[in-house]
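One structure below.
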There are 2 protein chains.
Amino acid sequence: MDLLKQRIVKDGKVFPGNILKVSGFLNHLIDSSLMKEIGKEVCRLFEGEKITKILTIEASGIAIACAVASELNVPVLFAKKHKSSNITNTVYSAQVKSYTHGNVNTVVVEKECLSSDDRVLIVDDFLAHGESLRGLIDLVKQAGAEVVGAAIAIEKGYQGGGDALRAEGYKVESLAIVESMGEDGITFRN
Amino acid sequence: MDLLKQRIVKDGKVFPGNILKVSGFLNHLIDSSLMKEIGKEVCRLFEGEKITKILTIEASGIAIACAVASELNVPVLFAKKHKSSNITNTVYSAQVKSYTHGNVNTVVVEKECLSSDDRVLIVDDFLAHGESLRGLIDLVKQAGAEVVGAAIAIEKGYQGGGDALRAEGYKVESLAIVESMGEDGITFRN
C-alpha cells in the first residue's frame, strides 16, 4: 500500500535495536484518514471471504481493527493482556512471547464473544516473529472458529514470522513489508 | 442516546460490587454499527467546537475515540499505561487511581503528539469517580492545550465524578448516565 509506505518513509523513525517507531501516525497518535484508507485496502484484499469478526490484541491493534471492521460492518474483538495468573473457565487463553519486552504475556478473550460459526480476520499493527499472530490464531482455534487470514499494517519481513505463517497456508496480507532498515533508509519488499 | 441505553438494558449485565459489564458490545467485543452512531452523536454534541485532536486512554477507550475521530476527521491520541517507574522527559505523565483495581497507574503521552495549539476532546468508555478523566485533563494542560470537553459512553452518575467536573466548568457529555442499577434493573438520568 503506497500511501502507508510513503508515510513510513516520511514520518517513521528507525532506532538502534531494530526499532521502527511509527507513533506519530499509527500506534500512539493515530491518523484517522490513513486508518480509513487502510480499512478500505484490507477490505479489498479479503473481498468475498465472508468475514464475521475481526480479532486483534490490545492496545495498538485496536484502531486498525476498528477501521477494517467499520468497512466490513462486522464486530471487533480485542484480546486482553491478562494481569493475573488466575485464568477462569469463561475465557480462551494463549501465551504470547514478546521479543521487544523479553517476557511472556497471557492473552484472553471471553468464550461467549467467539463462536464456532465465526470466520475471523486477525488484524494487527506489526508482525515480526509472529508470536502475537500465533497466539491469536490459537484463540480462534480453541473456539472452533475459522481463521480467514491476517491483515497487518507493517511486517518486518526479515524477521520471518509472516513467511513462516504463509508457508503453513495462512493468508497473511501486510500493507508494508520492511526488508531492511538502517541509517541509509528503509527498503520495502515489492 | 436512546440506542445506547436500549443496548445497555438488553445486553449489559449487572454484577455485585457495582459492576456493569458491557463487554458484549462496547469494550471487548465491539459493535461497529453502534460505534458509528456514537461517533455521529458525539460529533453533534460538540458541533462548532473546532476540535483538533481526540485524547483517550488504553485500551477500552480507543474504539470509541476512533469512531468519534473518524466523524470529525481528526487524529486520536491514546495515553499509555506506563509499565516502569522510569519516566523520560519526552513524555507528559499523570497519575490515575483505579477504584476497580485498587491501584495507581501512571499514564503517559509523548510530548511531540500534543501541542499548545490543540483543542482536545477527551473520549472514554466509562466515567465513574472521574479519576481517568482528571488524569487526561492533566496531560492536556501540561501541553498548554485546551480541553474542549469530554464525551463518555456510560457515566455512573451516582459516583459523582461527572457532576464534580461539570461544577468546575467542564463540558462533560455522557451518552447514557446510569443513576442506579441492581436486581430490579437499570435506571438512567433523563
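Chain labels run A, B, ... following the order of the C-alpha cells; each chain numbers its residues from 1, and ligands are numbered from 1 in the order shown.
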
Close residues, Lys13 (chain B) itself excluded, 10 Å, only C-alpha atoms, min 4 positions apart in chain, as an mmCIF file with N, CA and C atoms, in the first residue's frame:
```cif
data_model
loop_
_atom_site.group_PDB
_atom_site.id
_atom_site.type_symbol
_atom_site.label_atom_id
_atom_site.label_comp_id
_atom_site.auth_asym_id
_atom_site.auth_seq_id
_atom_site.Cartn_x
_atom_site.Cartn_y
_atom_site.Cartn_z
ATOM 1 N N ILE B 8 -27.716 -1.164 26.516
ATOM 2 C CA ILE B 8 -27.265 -1.456 27.888
ATOM 3 C C ILE B 8 -28.314 -2.312 28.607
ATOM 4 N N VAL B 9 -29.578 -1.932 28.453
ATOM 5 C CA VAL B 9 -30.658 -2.682 29.107
ATOM 6 C C VAL B 9 -30.726 -4.104 28.554
ATOM 7 N N ILE B 19 -20.677 -3.434 39.402
ATOM 8 C CA ILE B 19 -20.047 -3.636 38.092
ATOM 9 C C ILE B 19 -21.104 -3.757 36.996
ATOM 10 N N LEU B 20 -20.976 -2.933 35.984
ATOM 11 C CA LEU B 20 -21.834 -3.023 34.802
ATOM 12 C C LEU B 20 -20.961 -3.564 33.670
ATOM 13 N N LYS B 21 -21.275 -4.767 33.236
ATOM 14 C CA LYS B 21 -20.454 -5.415 32.216
ATOM 15 C C LYS B 21 -21.084 -5.191 30.850
ATOM 16 N N VAL B 22 -20.329 -4.556 29.970
ATOM 17 C CA VAL B 22 -20.824 -4.278 28.617
ATOM 18 C C VAL B 22 -19.817 -4.805 27.593
ATOM 19 N N SER B 23 -19.170 -5.916 27.984
ATOM 20 C CA SER B 23 -18.112 -6.457 27.132
ATOM 21 C C SER B 23 -18.662 -7.139 25.884
ATOM 22 N N GLY B 24 -19.980 -7.314 25.805
ATOM 23 C CA GLY B 24 -20.563 -7.947 24.623
ATOM 24 C C GLY B 24 -20.791 -7.004 23.462
ATOM 25 N N MET B 181 -28.472 0.894 39.602
ATOM 26 C CA MET B 181 -28.578 -0.422 38.962
ATOM 27 C C MET B 181 -28.566 -1.496 40.034
ATOM 28 N N GLY B 182 -29.264 -2.552 39.736
ATOM 29 C CA GLY B 182 -29.347 -3.638 40.710
ATOM 30 C C GLY B 182 -30.222 -4.739 40.160
ATOM 31 N N GLY B 185 -33.136 -3.880 37.826
ATOM 32 C CA GLY B 185 -32.886 -3.190 36.562
ATOM 33 C C GLY B 185 -32.007 -1.959 36.677
ATOM 34 N N ILE B 186 -31.887 -1.243 35.558
ATOM 35 C CA ILE B 186 -31.010 -0.077 35.454
ATOM 36 C C ILE B 186 -31.871 1.167 35.249
#
```

Neighbours of chain A in chain B at 10 Å, counting only C-alpha atoms, as a ChimeraX atom specification: /B:23-36,53-55,57-80,109-110,112-114

What does the structure give for the distance between CA of Val14 (chain B) and CA of Glu173 (chain B), in Å to one decimal?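 Between CA of Val14 (chain B) and CA of Glu173 (chain B) the gap is 22.9 Å.
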
If you run DSSP on this backbone, which residues of region 16-147 of chain B come out as strand (DSSP E or B), and could you give them as a PyMOL selection string? chain B and resi 19-21+29-30+53-57+76-81+91-98+103-110+119-127+146-147

Between CA of Asp138 (chain A) and CA of Arg44 (chain A) - distance in Å to one decimal: 25.5 Å

Have a look at CA of Ile87 (chain A) and CA of Gly130 (chain B) and let me know their distance in Å, one decimal. 29.4 Å

Which of region 3-189 of chain B DSSP labels alpha helix (DSSP H), written as an MDAnalysis selection string: chainID B and resid 3:11 32:45 62:72 131:142 161:167

Expected file contents, prior selection, C-alpha atoms, as a PDB file, in the first residue's frame:
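Done, and the output landed in part28.pdb:
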```pdb
ATOM      1  CA  LEU B   3     -29.827   3.452  21.086  1.00  0.00           C
ATOM      2  CA  LEU B   4     -27.046   3.029  23.665  1.00  0.00           C
ATOM      3  CA  LYS B   5     -29.424   2.970  26.651  1.00  0.00           C
ATOM      4  CA  GLN B   6     -31.556   0.302  24.971  1.00  0.00           C
ATOM      5  CA  ARG B   7     -28.455  -1.754  24.282  1.00  0.00           C
ATOM      6  CA  ILE B   8     -27.265  -1.456  27.888  1.00  0.00           C
ATOM      7  CA  VAL B   9     -30.658  -2.682  29.107  1.00  0.00           C
ATOM      8  CA  LYS B  10     -30.700  -5.516  26.564  1.00  0.00           C
ATOM      9  CA  ASP B  11     -27.092  -6.755  26.711  1.00  0.00           C
ATOM     10  CA  SER B  32     -19.108  -1.381  14.720  1.00  0.00           C
ATOM     11  CA  SER B  33     -22.569  -0.045  13.839  1.00  0.00           C
ATOM     12  CA  LEU B  34     -23.105   1.212  17.380  1.00  0.00           C
ATOM     13  CA  MET B  35     -19.659   2.844  17.282  1.00  0.00           C
ATOM     14  CA  LYS B  36     -20.603   4.776  14.134  1.00  0.00           C
ATOM     15  CA  GLU B  37     -23.788   6.062  15.788  1.00  0.00           C
ATOM     16  CA  ILE B  38     -21.844   7.043  18.911  1.00  0.00           C
ATOM     17  CA  GLY B  39     -19.337   8.882  16.712  1.00  0.00           C
ATOM     18  CA  LYS B  40     -22.125  10.821  14.999  1.00  0.00           C
ATOM     19  CA  GLU B  41     -23.853  11.697  18.270  1.00  0.00           C
ATOM     20  CA  VAL B  42     -20.641  12.991  19.889  1.00  0.00           C
ATOM     21  CA  CYS B  43     -19.944  14.988  16.721  1.00  0.00           C
ATOM     22  CA  ARG B  44     -23.409  16.577  17.065  1.00  0.00           C
ATOM     23  CA  LEU B  45     -22.926  17.349  20.772  1.00  0.00           C
ATOM     24  CA  ILE B  62      -9.659   3.504  21.792  1.00  0.00           C
ATOM     25  CA  ALA B  63     -12.553   2.098  19.748  1.00  0.00           C
ATOM     26  CA  ILE B  64     -14.956   4.870  20.763  1.00  0.00           C
ATOM     27  CA  ALA B  65     -12.269   7.523  20.291  1.00  0.00           C
ATOM     28  CA  CYS B  66     -11.596   6.231  16.766  1.00  0.00           C
ATOM     29  CA  ALA B  67     -15.309   6.346  15.911  1.00  0.00           C
ATOM     30  CA  VAL B  68     -15.526   9.968  17.044  1.00  0.00           C
ATOM     31  CA  ALA B  69     -12.267  10.887  15.299  1.00  0.00           C
ATOM     32  CA  SER B  70     -13.466   9.308  12.072  1.00  0.00           C
ATOM     33  CA  GLU B  71     -16.567  11.543  12.102  1.00  0.00           C
ATOM     34  CA  LEU B  72     -14.568  14.672  12.976  1.00  0.00           C
ATOM     35  CA  GLU B 131     -10.002   9.760  38.023  1.00  0.00           C
ATOM     36  CA  SER B 132      -9.105   8.789  34.434  1.00  0.00           C
ATOM     37  CA  LEU B 133     -10.688  11.938  33.088  1.00  0.00           C
ATOM     38  CA  ARG B 134      -8.754  14.114  35.552  1.00  0.00           C
ATOM     39  CA  GLY B 135      -5.530  12.384  34.553  1.00  0.00           C
ATOM     40  CA  LEU B 136      -6.210  13.051  30.885  1.00  0.00           C
ATOM     41  CA  ILE B 137      -7.138  16.696  31.595  1.00  0.00           C
ATOM     42  CA  ASP B 138      -3.834  16.992  33.451  1.00  0.00           C
ATOM     43  CA  LEU B 139      -1.930  15.749  30.352  1.00  0.00           C
ATOM     44  CA  VAL B 140      -3.696  18.273  28.098  1.00  0.00           C
ATOM     45  CA  LYS B 141      -2.900  21.120  30.487  1.00  0.00           C
ATOM     46  CA  GLN B 142       0.762  20.115  30.736  1.00  0.00           C
ATOM     47  CA  GLY B 161     -17.189  12.159  39.047  1.00  0.00           C
ATOM     48  CA  GLY B 162     -19.048  13.698  36.112  1.00  0.00           C
ATOM     49  CA  ASP B 163     -21.074  16.164  38.161  1.00  0.00           C
ATOM     50  CA  ALA B 164     -17.962  17.334  40.033  1.00  0.00           C
ATOM     51  CA  LEU B 165     -16.239  18.095  36.725  1.00  0.00           C
ATOM     52  CA  ARG B 166     -19.356  19.855  35.384  1.00  0.00           C
ATOM     53  CA  ALA B 167     -19.402  22.005  38.543  1.00  0.00           C
TER      54      ALA B 167
END
```

Between B:Lys156, B:Lys171, B:Arg189, B:Lys83, which residue has the minimum interatomic distance to Val120 (chain B), considering only C-alpha atoms?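 Using only C-alpha atoms, the shortest distance to Val120 (chain B) belongs to B:Lys171.
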
Write out as a PyMOL selection string each polymer residue whose atoms come within 7 Å of Ile154 (chain B), counting only C-alpha atoms; drop sequence neighbours fewer than 2 positions from it. chain B and resi 125-127+152+156+174-177

Selection above as a file: N, CA and C atoms, as a short mmCIF file (atom, residue, chain, number, x, y, z; two decimals), in the first residue's frame:
```cif
data_model
loop_
_atom_site.label_atom_id
_atom_site.label_comp_id
_atom_site.auth_asym_id
_atom_site.auth_seq_id
_atom_site.Cartn_x
_atom_site.Cartn_y
_atom_site.Cartn_z
N ASP B 125 -14.81 5.21 27.51
CA ASP B 125 -15.99 4.35 27.58
C ASP B 125 -16.78 4.55 28.88
N PHE B 126 -16.07 4.72 30.01
CA PHE B 126 -16.75 4.84 31.30
C PHE B 126 -16.29 6.09 32.07
N LEU B 127 -17.20 6.64 32.84
CA LEU B 127 -16.86 7.70 33.79
C LEU B 127 -17.55 7.35 35.10
N ILE B 152 -18.35 10.75 26.90
CA ILE B 152 -18.26 9.47 27.59
C ILE B 152 -19.42 8.60 27.11
N LYS B 156 -21.48 6.55 35.37
CA LYS B 156 -22.18 6.12 36.59
C LYS B 156 -22.45 7.38 37.39
N SER B 174 -22.24 12.72 28.51
CA SER B 174 -22.28 11.25 28.59
C SER B 174 -23.52 10.76 27.86
N LEU B 175 -23.36 9.74 27.06
CA LEU B 175 -24.46 9.29 26.20
C LEU B 175 -25.49 8.48 26.98
N ALA B 176 -25.06 7.91 28.08
CA ALA B 176 -26.00 7.21 28.99
C ALA B 176 -25.49 7.43 30.40
N ILE B 177 -26.35 8.02 31.27
CA ILE B 177 -25.96 8.22 32.67
C ILE B 177 -26.79 7.29 33.54
#
```

When you count only C-alpha atoms, which of these residues is closest to Ile51 (chain A): A:Ala128, A:Leu121, A:Val178, A:Ala143?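 So, comparing all the options, the nearest one is A:Leu121.
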
Identify which of the residues B:Asp117, B:Val148, B:Asn89, B:Val123 lies closest to Gly48 (chain B), counting only C-alpha atoms when measuring atom-to-atom distances. B:Val148

Using only C-alpha atoms, find the one residue out of A:Gly149, A:Gly17, A:Gly160, A:Gly102 that sits nearest to Glu47 (chain A).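 Smallest distance to Glu47 (chain A) is found for A:Gly149.
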